[in-house]
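Source file: upload_26.cif (mmCIF, C-alpha atoms)
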data_target
loop_
_atom_site.label_atom_id
_atom_site.label_comp_id
_atom_site.auth_asym_id
_atom_site.auth_seq_id
_atom_site.Cartn_x
_atom_site.Cartn_y
_atom_site.Cartn_z
CA MET A 1 37.40 39.84 23.07
CA ASP A 2 38.37 43.46 23.34
CA CYS A 3 37.46 45.37 20.16
CA ILE A 4 36.57 49.08 20.01
CA PHE A 5 34.42 48.63 16.90
CA CYS A 6 32.50 45.70 18.43
CA ASP A 7 31.89 47.97 21.44
CA ILE A 8 30.57 50.66 19.05
CA VAL A 9 28.28 48.06 17.43
CA SER A 10 26.93 46.99 20.83
CA GLY A 11 26.47 50.62 21.92
CA LYS A 12 28.95 50.28 24.79
CA ILE A 13 31.05 53.02 23.17
CA PRO A 14 29.08 55.94 21.63
CA SER A 15 29.65 56.93 18.02
CA ASP A 16 28.40 59.51 15.54
CA THR A 17 26.53 56.90 13.52
CA VAL A 18 25.45 57.85 9.99
CA TYR A 19 24.13 54.47 8.81
CA GLN A 20 23.24 51.03 10.06
CA ASP A 21 21.39 47.93 9.02
CA GLU A 22 21.50 44.33 10.21
CA GLU A 23 24.93 43.67 8.75
CA VAL A 24 26.71 47.02 8.42
CA MET A 25 27.37 50.16 10.45
CA ALA A 26 28.97 53.49 9.50
CA PHE A 27 30.12 56.32 11.75
CA ARG A 28 32.36 59.40 11.66
CA ASP A 29 36.07 58.87 12.35
CA ILE A 30 36.92 60.52 15.68
CA ASN A 31 40.19 61.77 14.16
CA PRO A 32 39.03 62.90 10.69
CA LYS A 33 41.58 63.47 7.92
CA ALA A 34 39.06 65.31 5.74
CA SER A 35 35.71 67.11 6.04
CA THR A 36 34.10 63.74 5.27
CA HIS A 37 35.84 60.80 6.93
CA LEU A 38 33.54 57.88 7.66
CA ILE A 39 34.32 54.38 8.91
CA ILE A 40 32.20 51.59 7.42
CA ILE A 41 32.28 48.19 9.14
CA PRO A 42 30.60 44.81 9.09
CA LYS A 43 28.87 44.33 12.46
CA SER A 44 30.38 40.88 12.79
CA HIS A 45 34.00 40.75 13.91
CA ILE A 46 36.32 40.07 10.97
CA PRO A 47 39.87 41.10 11.99
CA THR A 48 41.29 42.19 8.61
CA LEU A 49 40.62 42.18 4.88
CA ALA A 50 42.92 39.17 4.61
CA HIS A 51 40.65 37.21 6.97
CA LEU A 52 37.65 37.42 4.60
CA SER A 53 36.62 33.93 3.56
CA LYS A 54 35.43 33.23 0.03
CA GLU A 55 31.88 33.05 1.40
CA GLN A 56 32.29 36.48 3.01
CA LEU A 57 33.54 38.25 -0.15
CA PRO A 58 30.02 39.39 -1.21
CA LEU A 59 30.08 41.50 1.96
CA MET A 60 32.59 43.74 0.16
CA GLY A 61 29.93 44.57 -2.41
CA ARG A 62 27.56 45.56 0.38
CA LEU A 63 30.20 47.72 2.11
CA VAL A 64 31.13 49.48 -1.16
CA GLY A 65 27.47 49.98 -2.10
CA ILE A 66 26.91 51.70 1.25
CA ALA A 67 30.09 53.77 0.77
CA ASN A 68 28.68 55.00 -2.57
CA LYS A 69 25.33 55.83 -0.95
CA LEU A 70 27.02 57.70 1.92
CA ALA A 71 29.22 59.61 -0.56
CA LYS A 72 25.97 60.86 -2.13
CA ASP A 73 24.49 61.72 1.28
CA GLU A 74 27.67 63.65 2.15
CA GLY A 75 27.64 65.55 -1.15
CA ILE A 76 31.04 64.23 -2.29
CA SER A 77 29.84 61.85 -5.00
CA GLN A 78 30.55 64.38 -7.76
CA SER A 79 33.61 66.06 -6.25
CA GLY A 80 35.35 62.73 -5.65
CA TYR A 81 36.34 60.47 -2.79
CA LYS A 82 38.59 57.64 -1.71
CA VAL A 83 37.85 54.26 -0.24
CA VAL A 84 40.86 52.98 1.71
CA ILE A 85 41.20 49.60 3.40
CA ASN A 86 44.29 49.14 5.53
CA CYS A 87 45.13 45.51 6.16
CA GLY A 88 47.28 44.58 9.17
CA ARG A 89 49.42 46.83 11.37
CA GLY A 90 52.07 47.15 8.65
CA GLY A 91 49.33 48.28 6.29
CA GLY A 92 48.29 51.03 8.68
CA GLN A 93 45.32 49.25 10.27
CA LEU A 94 44.91 50.61 13.82
CA VAL A 95 41.71 48.80 14.86
CA PRO A 96 41.75 45.03 14.21
CA HIS A 97 38.16 44.90 12.91
CA LEU A 98 37.73 45.15 9.12
CA HIS A 99 36.77 48.70 8.10
CA LEU A 100 36.62 50.92 5.04
CA HIS A 101 37.63 54.56 5.24
CA LEU A 102 35.42 56.80 3.10
CA ILE A 103 37.31 60.06 2.65
CA GLY A 104 36.39 63.16 0.68
CA GLY A 105 35.76 66.88 0.71
CA ARG A 106 38.40 69.19 2.14
CA TYR A 107 41.54 67.38 3.26
CA PHE A 108 43.15 68.27 6.59
CA PHE A 109 46.64 67.22 5.57
CA GLU A 110 49.05 67.21 2.65
CA PRO A 111 49.50 65.24 0.55
CA PRO A 112 45.94 63.91 0.60
CA LEU A 113 45.65 60.25 1.57
CA MET B 114 36.38 55.32 -26.50
CA ASP B 115 39.90 56.12 -25.44
CA CYS B 116 40.88 54.27 -22.25
CA ILE B 117 44.42 53.22 -21.33
CA PHE B 118 43.20 50.31 -19.19
CA CYS B 119 40.88 49.04 -21.95
CA ASP B 120 43.93 49.17 -24.25
CA ILE B 121 45.86 47.12 -21.69
CA VAL B 122 43.01 44.58 -21.55
CA SER B 123 42.99 44.29 -25.37
CA GLY B 124 46.80 43.99 -25.48
CA LYS B 125 47.20 47.19 -27.52
CA ILE B 126 49.30 48.60 -24.69
CA PRO B 127 51.73 46.15 -23.01
CA SER B 128 51.64 45.63 -19.25
CA ASP B 129 53.46 43.63 -16.61
CA THR B 130 50.46 41.39 -16.01
CA VAL B 131 50.41 39.34 -12.80
CA TYR B 132 46.89 37.90 -13.02
CA GLN B 133 43.97 37.55 -15.36
CA ASP B 134 40.74 35.63 -15.81
CA GLU B 135 37.62 36.26 -17.87
CA GLU B 136 36.48 39.18 -15.75
CA VAL B 137 39.53 40.61 -14.01
CA MET B 138 43.10 41.66 -14.82
CA ALA B 139 45.98 42.79 -12.57
CA PHE B 140 49.28 44.39 -13.54
CA ARG B 141 52.13 46.35 -11.97
CA ASP B 142 51.70 50.14 -11.70
CA ILE B 143 54.18 51.80 -14.07
CA ASN B 144 54.84 54.45 -11.40
CA PRO B 145 55.01 52.34 -8.24
CA LYS B 146 54.71 53.97 -4.83
CA ALA B 147 55.93 50.85 -3.02
CA SER B 148 57.84 47.65 -3.72
CA THR B 149 54.46 46.04 -4.41
CA HIS B 150 52.05 48.31 -6.25
CA LEU B 151 49.52 46.45 -8.38
CA ILE B 152 46.49 47.71 -10.29
CA ILE B 153 43.47 45.39 -10.28
CA ILE B 154 40.69 46.11 -12.77
CA PRO B 155 37.48 44.66 -14.14
CA LYS B 156 38.01 43.95 -17.85
CA SER B 157 34.74 45.66 -18.70
CA HIS B 158 34.82 49.44 -18.75
CA ILE B 159 33.27 50.88 -15.59
CA PRO B 160 34.42 54.51 -15.24
CA THR B 161 34.49 54.88 -11.44
CA LEU B 162 33.43 53.21 -8.20
CA ALA B 163 30.39 55.50 -8.14
CA HIS B 164 29.27 54.06 -11.49
CA LEU B 165 28.89 50.52 -10.11
CA SER B 166 25.29 49.40 -10.41
CA LYS B 167 23.67 47.32 -7.68
CA GLU B 168 23.99 44.30 -10.00
CA GLN B 169 27.73 44.98 -10.40
CA LEU B 170 28.50 45.22 -6.66
CA PRO B 171 29.43 41.48 -6.35
CA LEU B 172 32.34 42.32 -8.66
CA MET B 173 33.91 44.15 -5.69
CA GLY B 174 34.05 40.83 -3.83
CA ARG B 175 35.87 39.28 -6.77
CA LEU B 176 38.36 42.19 -7.03
CA VAL B 177 39.09 42.09 -3.29
CA GLY B 178 39.41 38.29 -3.31
CA ILE B 179 42.02 38.60 -6.06
CA ALA B 180 43.77 41.43 -4.15
CA ASN B 181 44.05 39.10 -1.13
CA LYS B 182 45.41 36.30 -3.34
CA LEU B 183 47.96 38.61 -4.98
CA ALA B 184 49.03 39.95 -1.56
CA LYS B 185 49.89 36.33 -0.68
CA ASP B 186 51.71 35.84 -3.99
CA GLU B 187 53.72 39.02 -3.37
CA GLY B 188 54.61 37.98 0.20
CA ILE B 189 52.92 41.00 1.82
CA SER B 190 49.92 39.22 3.31
CA GLN B 191 51.55 38.98 6.75
CA SER B 192 53.48 42.27 6.70
CA GLY B 193 50.39 44.26 5.70
CA TYR B 194 48.98 46.13 2.73
CA LYS B 195 46.51 48.71 1.59
CA VAL B 196 43.70 48.56 -0.92
CA VAL B 197 42.91 52.04 -2.22
CA ILE B 198 40.13 53.01 -4.63
CA ASN B 199 40.18 56.59 -5.84
CA CYS B 200 36.83 57.75 -7.20
CA GLY B 201 36.74 60.68 -9.60
CA ARG B 202 39.44 63.24 -10.39
CA GLY B 203 38.85 65.02 -7.09
CA GLY B 204 39.38 61.67 -5.36
CA GLY B 205 42.74 61.22 -7.10
CA GLN B 206 41.58 58.87 -9.88
CA LEU B 207 43.87 59.41 -12.85
CA VAL B 208 42.55 56.72 -15.24
CA PRO B 209 38.74 56.75 -15.65
CA HIS B 210 38.38 52.95 -15.52
CA LEU B 211 37.58 51.48 -12.09
CA HIS B 212 40.71 50.11 -10.43
CA LEU B 213 42.01 49.00 -7.04
CA HIS B 214 45.53 49.87 -5.93
CA LEU B 215 47.15 47.05 -3.96
CA ILE B 216 50.08 48.59 -2.11
CA GLY B 217 52.55 47.01 0.29
CA GLY B 218 56.13 46.23 1.12
CA ARG B 219 58.67 49.06 1.18
CA TYR B 220 57.14 52.46 0.52
CA PHE B 221 58.86 54.87 -1.86
CA PHE B 222 57.48 57.99 -0.22
CA GLU B 223 56.62 59.46 3.17
CA PRO B 224 54.12 59.43 4.67
CA PRO B 225 52.95 56.10 3.28
CA LEU B 226 49.68 56.32 1.33
#

Have the structure of the file written as structure tokens, please.
Amino acid sequence: MDCIFCDIVSGKIPSDTVYQDEEVMAFRDINPKASTHLIIIPKSHIPTLAHLSKEQLPLMGRLVGIANKLAKDEGISQSGYKVVINCGRGGGQLVPHLHLHLIGGRYFFEPPL
Amino acid sequence: MDCIFCDIVSGKIPSDTVYQDEEVMAFRDINPKASTHLIIIPKSHIPTLAHLSKEQLPLMGRLVGIANKLAKDEGISQSGYKVVINCGRGGGQLVPHLHLHLIGGRYFFEPPL
């Protein structure tokens, strides 16, 4: 299966990794829309948000908990941030591997996402 | 405490409710940015995403599970959708009660959120 994010998880494609544990990985978006723009993914391949099974839903708590931690690390916890999950091509999802965008700081476009 | 979403939960302010259970409520955004624009909230008052305690993180799984269900109900599960959580004023959060935006269908602005 050809998946850029799975290749990042395996180390086949390099990334600017800011966090990882057994289940989750986070790295900087290569095309950032703000001074902080991180991608947070489950290491296992889940194509989209809609594909999450009931048993996998607790994973969302883990991903959001790590987003909150990274927002603190990045110094945007007080100034504010967005967590965006695009689901499916029509929802703006470019890589078919579930991911959260953590976006904050100075925006590089208007209007902000 | 003055909170519009708490007033919606209590019924003091009417809403176009599409879902509710003991913990969660969902209603249509009064200023929709797309043909489907729902607000999904925990009934208990949690000010922002950053305020979620470790014990409250499983709630995110519940909120996302309901977002996925509502996306099906709204007929946007296949066409695609976005789940957006704004955290803090600087993150674009207008009502200080944790909420998910579920957005899909025809967008009423460009570029889409």

Apply the PyMOL selection byres ((chain A) within 10 of (chain B)) to the structure shown and report the selected residues as an mmCIF file with C-alpha atoms, in the coordinates of the input.
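The resulting expr.cif:
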data_model
loop_
_atom_site.group_PDB
_atom_site.id
_atom_site.type_symbol
_atom_site.label_atom_id
_atom_site.label_comp_id
_atom_site.auth_asym_id
_atom_site.auth_seq_id
_atom_site.Cartn_x
_atom_site.Cartn_y
_atom_site.Cartn_z
ATOM 1 C CA THR A 48 41.290 42.190 8.610
ATOM 2 C CA LEU A 49 40.620 42.180 4.880
ATOM 3 C CA ALA A 50 42.920 39.170 4.610
ATOM 4 C CA HIS A 51 40.650 37.210 6.970
ATOM 5 C CA LEU A 52 37.650 37.420 4.600
ATOM 6 C CA SER A 53 36.620 33.930 3.560
ATOM 7 C CA LYS A 54 35.430 33.230 0.030
ATOM 8 C CA GLU A 55 31.880 33.050 1.400
ATOM 9 C CA GLN A 56 32.290 36.480 3.010
ATOM 10 C CA LEU A 57 33.540 38.250 -0.150
ATOM 11 C CA PRO A 58 30.020 39.390 -1.210
ATOM 12 C CA LEU A 59 30.080 41.500 1.960
ATOM 13 C CA MET A 60 32.590 43.740 0.160
ATOM 14 C CA GLY A 61 29.930 44.570 -2.410
ATOM 15 C CA ARG A 62 27.560 45.560 0.380
ATOM 16 C CA LEU A 63 30.200 47.720 2.110
ATOM 17 C CA VAL A 64 31.130 49.480 -1.160
ATOM 18 C CA GLY A 65 27.470 49.980 -2.100
ATOM 19 C CA ALA A 67 30.090 53.770 0.770
ATOM 20 C CA ASN A 68 28.680 55.000 -2.570
ATOM 21 C CA LYS A 69 25.330 55.830 -0.950
ATOM 22 C CA ALA A 71 29.220 59.610 -0.560
ATOM 23 C CA LYS A 72 25.970 60.860 -2.130
ATOM 24 C CA ILE A 76 31.040 64.230 -2.290
ATOM 25 C CA SER A 77 29.840 61.850 -5.000
ATOM 26 C CA GLN A 78 30.550 64.380 -7.760
ATOM 27 C CA SER A 79 33.610 66.060 -6.250
ATOM 28 C CA GLY A 80 35.350 62.730 -5.650
ATOM 29 C CA TYR A 81 36.340 60.470 -2.790
ATOM 30 C CA LYS A 82 38.590 57.640 -1.710
ATOM 31 C CA VAL A 83 37.850 54.260 -0.240
ATOM 32 C CA VAL A 84 40.860 52.980 1.710
ATOM 33 C CA ILE A 85 41.200 49.600 3.400
ATOM 34 C CA ASN A 86 44.290 49.140 5.530
ATOM 35 C CA CYS A 87 45.130 45.510 6.160
ATOM 36 C CA GLY A 88 47.280 44.580 9.170
ATOM 37 C CA ARG A 89 49.420 46.830 11.370
ATOM 38 C CA GLY A 90 52.070 47.150 8.650
ATOM 39 C CA GLY A 91 49.330 48.280 6.290
ATOM 40 C CA GLY A 92 48.290 51.030 8.680
ATOM 41 C CA GLN A 93 45.320 49.250 10.270
ATOM 42 C CA LEU A 100 36.620 50.920 5.040
ATOM 43 C CA HIS A 101 37.630 54.560 5.240
ATOM 44 C CA LEU A 102 35.420 56.800 3.100
ATOM 45 C CA ILE A 103 37.310 60.060 2.650
ATOM 46 C CA GLY A 104 36.390 63.160 0.680
ATOM 47 C CA GLY A 105 35.760 66.880 0.710
ATOM 48 C CA GLU A 110 49.050 67.210 2.650
ATOM 49 C CA PRO A 111 49.500 65.240 0.550
ATOM 50 C CA PRO A 112 45.940 63.910 0.600
ATOM 51 C CA LEU A 113 45.650 60.250 1.570
#

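As for CA of Lys146 (chain B) and CA of Phe221 (chain B), they are spaced 5.2 Å apart.
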
> Quick one: distance from CA of Ile4 (chain A) to CA of Phe109 (chain A) in Å, one decimal?
Replying inline: 25.3 Å

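Taking CA of Arg106 (chain A) as the reference point, CA of Lys43 (chain A) is found at 28.6 Å.
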
Fitted chain A, least squares over ordered Cα pairs with chain B, as a CSV table (one decimal) with C-alpha atoms, keeping the file's coordinate frame:
chain,number,residue,atom,x,y,z
A,1,MET,CA,36.4,55.3,-26.5
A,2,ASP,CA,39.9,56.1,-25.4
A,3,CYS,CA,40.9,54.3,-22.2
A,4,ILE,CA,44.4,53.2,-21.3
A,5,PHE,CA,43.2,50.3,-19.2
A,6,CYS,CA,40.9,49.0,-22.0
A,7,ASP,CA,43.9,49.2,-24.3
A,8,ILE,CA,45.9,47.1,-21.7
A,9,VAL,CA,43.0,44.6,-21.6
A,10,SER,CA,43.0,44.3,-25.4
A,11,GLY,CA,46.8,44.0,-25.5
A,12,LYS,CA,47.2,47.2,-27.5
A,13,ILE,CA,49.3,48.6,-24.7
A,14,PRO,CA,51.7,46.1,-23.0
A,15,SER,CA,51.6,45.6,-19.3
A,16,ASP,CA,53.5,43.6,-16.6
A,17,THR,CA,50.5,41.4,-16.0
A,18,VAL,CA,50.4,39.3,-12.8
A,19,TYR,CA,46.9,37.9,-13.0
A,20,GLN,CA,44.0,37.6,-15.4
A,21,ASP,CA,40.8,35.6,-15.8
A,22,GLU,CA,37.6,36.3,-17.9
A,23,GLU,CA,36.5,39.2,-15.7
A,24,VAL,CA,39.5,40.6,-14.0
A,25,MET,CA,43.1,41.7,-14.8
A,26,ALA,CA,46.0,42.8,-12.6
A,27,PHE,CA,49.3,44.4,-13.5
A,28,ARG,CA,52.1,46.4,-12.0
A,29,ASP,CA,51.7,50.1,-11.7
A,30,ILE,CA,54.2,51.8,-14.1
A,31,ASN,CA,54.9,54.5,-11.4
A,32,PRO,CA,55.0,52.3,-8.2
A,33,LYS,CA,54.7,54.0,-4.8
A,34,ALA,CA,55.9,50.9,-3.0
A,35,SER,CA,57.9,47.6,-3.7
A,36,THR,CA,54.5,46.0,-4.4
A,37,HIS,CA,52.0,48.3,-6.3
A,38,LEU,CA,49.5,46.5,-8.4
A,39,ILE,CA,46.5,47.7,-10.3
A,40,ILE,CA,43.5,45.4,-10.3
A,41,ILE,CA,40.7,46.1,-12.8
A,42,PRO,CA,37.5,44.7,-14.1
A,43,LYS,CA,38.0,44.0,-17.9
A,44,SER,CA,34.8,45.7,-18.7
A,45,HIS,CA,34.8,49.4,-18.8
A,46,ILE,CA,33.3,50.9,-15.6
A,47,PRO,CA,34.4,54.5,-15.2
A,48,THR,CA,34.5,54.9,-11.4
A,49,LEU,CA,33.4,53.2,-8.2
A,50,ALA,CA,30.4,55.5,-8.1
A,51,HIS,CA,29.3,54.1,-11.5
A,52,LEU,CA,28.9,50.5,-10.1
A,53,SER,CA,25.3,49.4,-10.4
A,54,LYS,CA,23.7,47.3,-7.7
A,55,GLU,CA,24.0,44.3,-10.0
A,56,GLN,CA,27.7,45.0,-10.4
A,57,LEU,CA,28.5,45.2,-6.7
A,58,PRO,CA,29.4,41.5,-6.3
A,59,LEU,CA,32.3,42.3,-8.7
A,60,MET,CA,33.9,44.1,-5.7
A,61,GLY,CA,34.1,40.8,-3.8
A,62,ARG,CA,35.9,39.3,-6.8
A,63,LEU,CA,38.3,42.2,-7.0
A,64,VAL,CA,39.1,42.1,-3.3
A,65,GLY,CA,39.4,38.3,-3.3
A,66,ILE,CA,42.0,38.6,-6.1
A,67,ALA,CA,43.8,41.4,-4.2
A,68,ASN,CA,44.1,39.1,-1.1
A,69,LYS,CA,45.4,36.3,-3.3
A,70,LEU,CA,48.0,38.6,-5.0
A,71,ALA,CA,49.0,39.9,-1.6
A,72,LYS,CA,49.9,36.3,-0.7
A,73,ASP,CA,51.7,35.8,-4.0
A,74,GLU,CA,53.7,39.0,-3.4
A,75,GLY,CA,54.6,38.0,0.2
A,76,ILE,CA,52.9,41.0,1.8
A,77,SER,CA,49.9,39.2,3.3
A,78,GLN,CA,51.5,39.0,6.8
A,79,SER,CA,53.5,42.3,6.7
A,80,GLY,CA,50.4,44.3,5.7
A,81,TYR,CA,49.0,46.1,2.7
A,82,LYS,CA,46.5,48.7,1.6
A,83,VAL,CA,43.7,48.6,-0.9
A,84,VAL,CA,42.9,52.1,-2.2
A,85,ILE,CA,40.1,53.0,-4.6
A,86,ASN,CA,40.2,56.6,-5.8
A,87,CYS,CA,36.8,57.7,-7.2
A,88,GLY,CA,36.7,60.7,-9.6
A,89,ARG,CA,39.4,63.2,-10.4
A,90,GLY,CA,38.9,65.0,-7.1
A,91,GLY,CA,39.4,61.7,-5.4
A,92,GLY,CA,42.7,61.2,-7.1
A,93,GLN,CA,41.6,58.9,-9.9
A,94,LEU,CA,43.9,59.4,-12.9
A,95,VAL,CA,42.6,56.7,-15.2
A,96,PRO,CA,38.7,56.8,-15.7
A,97,HIS,CA,38.4,53.0,-15.5
A,98,LEU,CA,37.6,51.5,-12.1
A,99,HIS,CA,40.7,50.1,-10.4
A,100,LEU,CA,42.0,49.0,-7.0
A,101,HIS,CA,45.5,49.9,-5.9
A,102,LEU,CA,47.1,47.0,-4.0
A,103,ILE,CA,50.1,48.6,-2.1
A,104,GLY,CA,52.5,47.0,0.3
A,105,GLY,CA,56.1,46.2,1.1
A,106,ARG,CA,58.7,49.0,1.2
A,107,TYR,CA,57.1,52.5,0.5
A,108,PHE,CA,58.9,54.9,-1.8
A,109,PHE,CA,57.5,58.0,-0.2
A,110,GLU,CA,56.6,59.5,3.2
A,111,PRO,CA,54.1,59.4,4.7
A,112,PRO,CA,52.9,56.1,3.3
A,113,LEU,CA,49.7,56.3,1.3

>> Taking the file as I've supplied it (selection: the PyMOL selection byres ((chain A and resi 2) around 12)), which residues are included? Please answer as a list in words.
In response: Met1, Cys3, Ile4, Phe5, Cys6, Asp7, Ile8, Lys12, His45, Pro47, Val95, Pro96 and His97 of chain A

Residue selection dump (C-alpha atoms) as an mmCIF file, in the coordinates of the input:
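And here is the file that came out, selection.cif:
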data_model
loop_
_atom_site.group_PDB
_atom_site.id
_atom_site.type_symbol
_atom_site.label_atom_id
_atom_site.label_comp_id
_atom_site.auth_asym_id
_atom_site.auth_seq_id
_atom_site.Cartn_x
_atom_site.Cartn_y
_atom_site.Cartn_z
ATOM 1 C CA MET A 1 37.400 39.840 23.070
ATOM 2 C CA CYS A 3 37.460 45.370 20.160
ATOM 3 C CA ILE A 4 36.570 49.080 20.010
ATOM 4 C CA PHE A 5 34.420 48.630 16.900
ATOM 5 C CA CYS A 6 32.500 45.700 18.430
ATOM 6 C CA ASP A 7 31.890 47.970 21.440
ATOM 7 C CA ILE A 8 30.570 50.660 19.050
ATOM 8 C CA LYS A 12 28.950 50.280 24.790
ATOM 9 C CA HIS A 45 34.000 40.750 13.910
ATOM 10 C CA PRO A 47 39.870 41.100 11.990
ATOM 11 C CA VAL A 95 41.710 48.800 14.860
ATOM 12 C CA PRO A 96 41.750 45.030 14.210
ATOM 13 C CA HIS A 97 38.160 44.900 12.910
#

> If you apply the PyMOL selection byres ((chain B and resi 212) around 6) to this file, what residues do you get, as number ranges by chain?
Replying inline: B: 153-154, 211, 213

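Residue nearest Gln20 (chain A) within the list A:Leu94, A:Ala34, A:Ile66, A:Ile46: A:Ile66 [criterion: smallest interatomic distance, only C-alpha atoms].
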
Assuming the input is short of atoms at region 132-147 of chain B, produce N, CA, C and O atoms for that part as an mmCIF file, keeping the file's coordinate frame.
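Written out: out_3.cif:
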data_model
loop_
_atom_site.group_PDB
_atom_site.id
_atom_site.type_symbol
_atom_site.label_atom_id
_atom_site.label_comp_id
_atom_site.auth_asym_id
_atom_site.auth_seq_id
_atom_site.Cartn_x
_atom_site.Cartn_y
_atom_site.Cartn_z
ATOM 1 N N TYR B 132 48.070 38.755 -13.167
ATOM 2 C CA TYR B 132 46.890 37.900 -13.020
ATOM 3 C C TYR B 132 45.867 38.268 -14.094
ATOM 4 O O TYR B 132 45.711 39.436 -14.440
ATOM 5 N N GLN B 133 45.182 37.247 -14.618
ATOM 6 C CA GLN B 133 43.970 37.550 -15.360
ATOM 7 C C GLN B 133 43.059 36.341 -15.458
ATOM 8 O O GLN B 133 43.497 35.185 -15.431
ATOM 9 N N ASP B 134 41.758 36.635 -15.519
ATOM 10 C CA ASP B 134 40.740 35.630 -15.810
ATOM 11 C C ASP B 134 39.737 36.292 -16.754
ATOM 12 O O ASP B 134 40.036 37.349 -17.330
ATOM 13 N N GLU B 135 38.586 35.710 -16.906
ATOM 14 C CA GLU B 135 37.620 36.260 -17.870
ATOM 15 C C GLU B 135 37.142 37.668 -17.516
ATOM 16 O O GLU B 135 36.845 38.472 -18.398
ATOM 17 N N GLU B 136 37.111 37.944 -16.224
ATOM 18 C CA GLU B 136 36.480 39.180 -15.750
ATOM 19 C C GLU B 136 37.461 40.234 -15.254
ATOM 20 O O GLU B 136 37.148 41.422 -15.254
ATOM 21 N N VAL B 137 38.631 39.758 -14.786
ATOM 22 C CA VAL B 137 39.530 40.610 -14.010
ATOM 23 C C VAL B 137 40.958 40.539 -14.555
ATOM 24 O O VAL B 137 41.386 39.494 -15.056
ATOM 25 N N MET B 138 41.687 41.636 -14.432
ATOM 26 C CA MET B 138 43.100 41.660 -14.820
ATOM 27 C C MET B 138 43.872 42.450 -13.754
ATOM 28 O O MET B 138 43.333 43.386 -13.157
ATOM 29 N N ALA B 139 45.130 42.065 -13.524
ATOM 30 C CA ALA B 139 45.980 42.790 -12.570
ATOM 31 C C ALA B 139 47.369 42.926 -13.161
ATOM 32 O O ALA B 139 47.889 42.006 -13.785
ATOM 33 N N PHE B 140 47.942 44.108 -12.994
ATOM 34 C CA PHE B 140 49.280 44.390 -13.540
ATOM 35 C C PHE B 140 50.006 45.368 -12.624
ATOM 36 O O PHE B 140 49.395 46.021 -11.773
ATOM 37 N N ARG B 141 51.336 45.448 -12.820
ATOM 38 C CA ARG B 141 52.130 46.350 -11.970
ATOM 39 C C ARG B 141 51.944 47.803 -12.412
ATOM 40 O O ARG B 141 51.936 48.090 -13.608
ATOM 41 N N ASP B 142 51.801 48.702 -11.426
ATOM 42 C CA ASP B 142 51.700 50.140 -11.700
ATOM 43 C C ASP B 142 53.026 50.586 -12.333
ATOM 44 O O ASP B 142 54.099 50.185 -11.890
ATOM 45 N N ILE B 143 52.934 51.377 -13.399
ATOM 46 C CA ILE B 143 54.180 51.800 -14.070
ATOM 47 C C ILE B 143 54.903 52.883 -13.265
ATOM 48 O O ILE B 143 56.055 53.195 -13.540
ATOM 49 N N ASN B 144 54.232 53.439 -12.266
ATOM 50 C CA ASN B 144 54.840 54.450 -11.400
ATOM 51 C C ASN B 144 54.653 54.041 -9.951
ATOM 52 O O ASN B 144 53.936 54.691 -9.197
ATOM 53 N N PRO B 145 55.312 52.930 -9.551
ATOM 54 C CA PRO B 145 55.010 52.340 -8.240
ATOM 55 C C PRO B 145 55.363 53.238 -7.073
ATOM 56 O O PRO B 145 56.371 53.940 -7.098
ATOM 57 N N LYS B 146 54.492 53.192 -6.051
ATOM 58 C CA LYS B 146 54.710 53.970 -4.830
ATOM 59 C C LYS B 146 55.223 53.081 -3.697
ATOM 60 O O LYS B 146 55.391 53.544 -2.572
ATOM 61 N N ALA B 147 55.443 51.802 -4.014
ATOM 62 C CA ALA B 147 55.930 50.850 -3.020
ATOM 63 C C ALA B 147 56.496 49.649 -3.773
ATOM 64 O O ALA B 147 56.285 49.511 -4.989
#
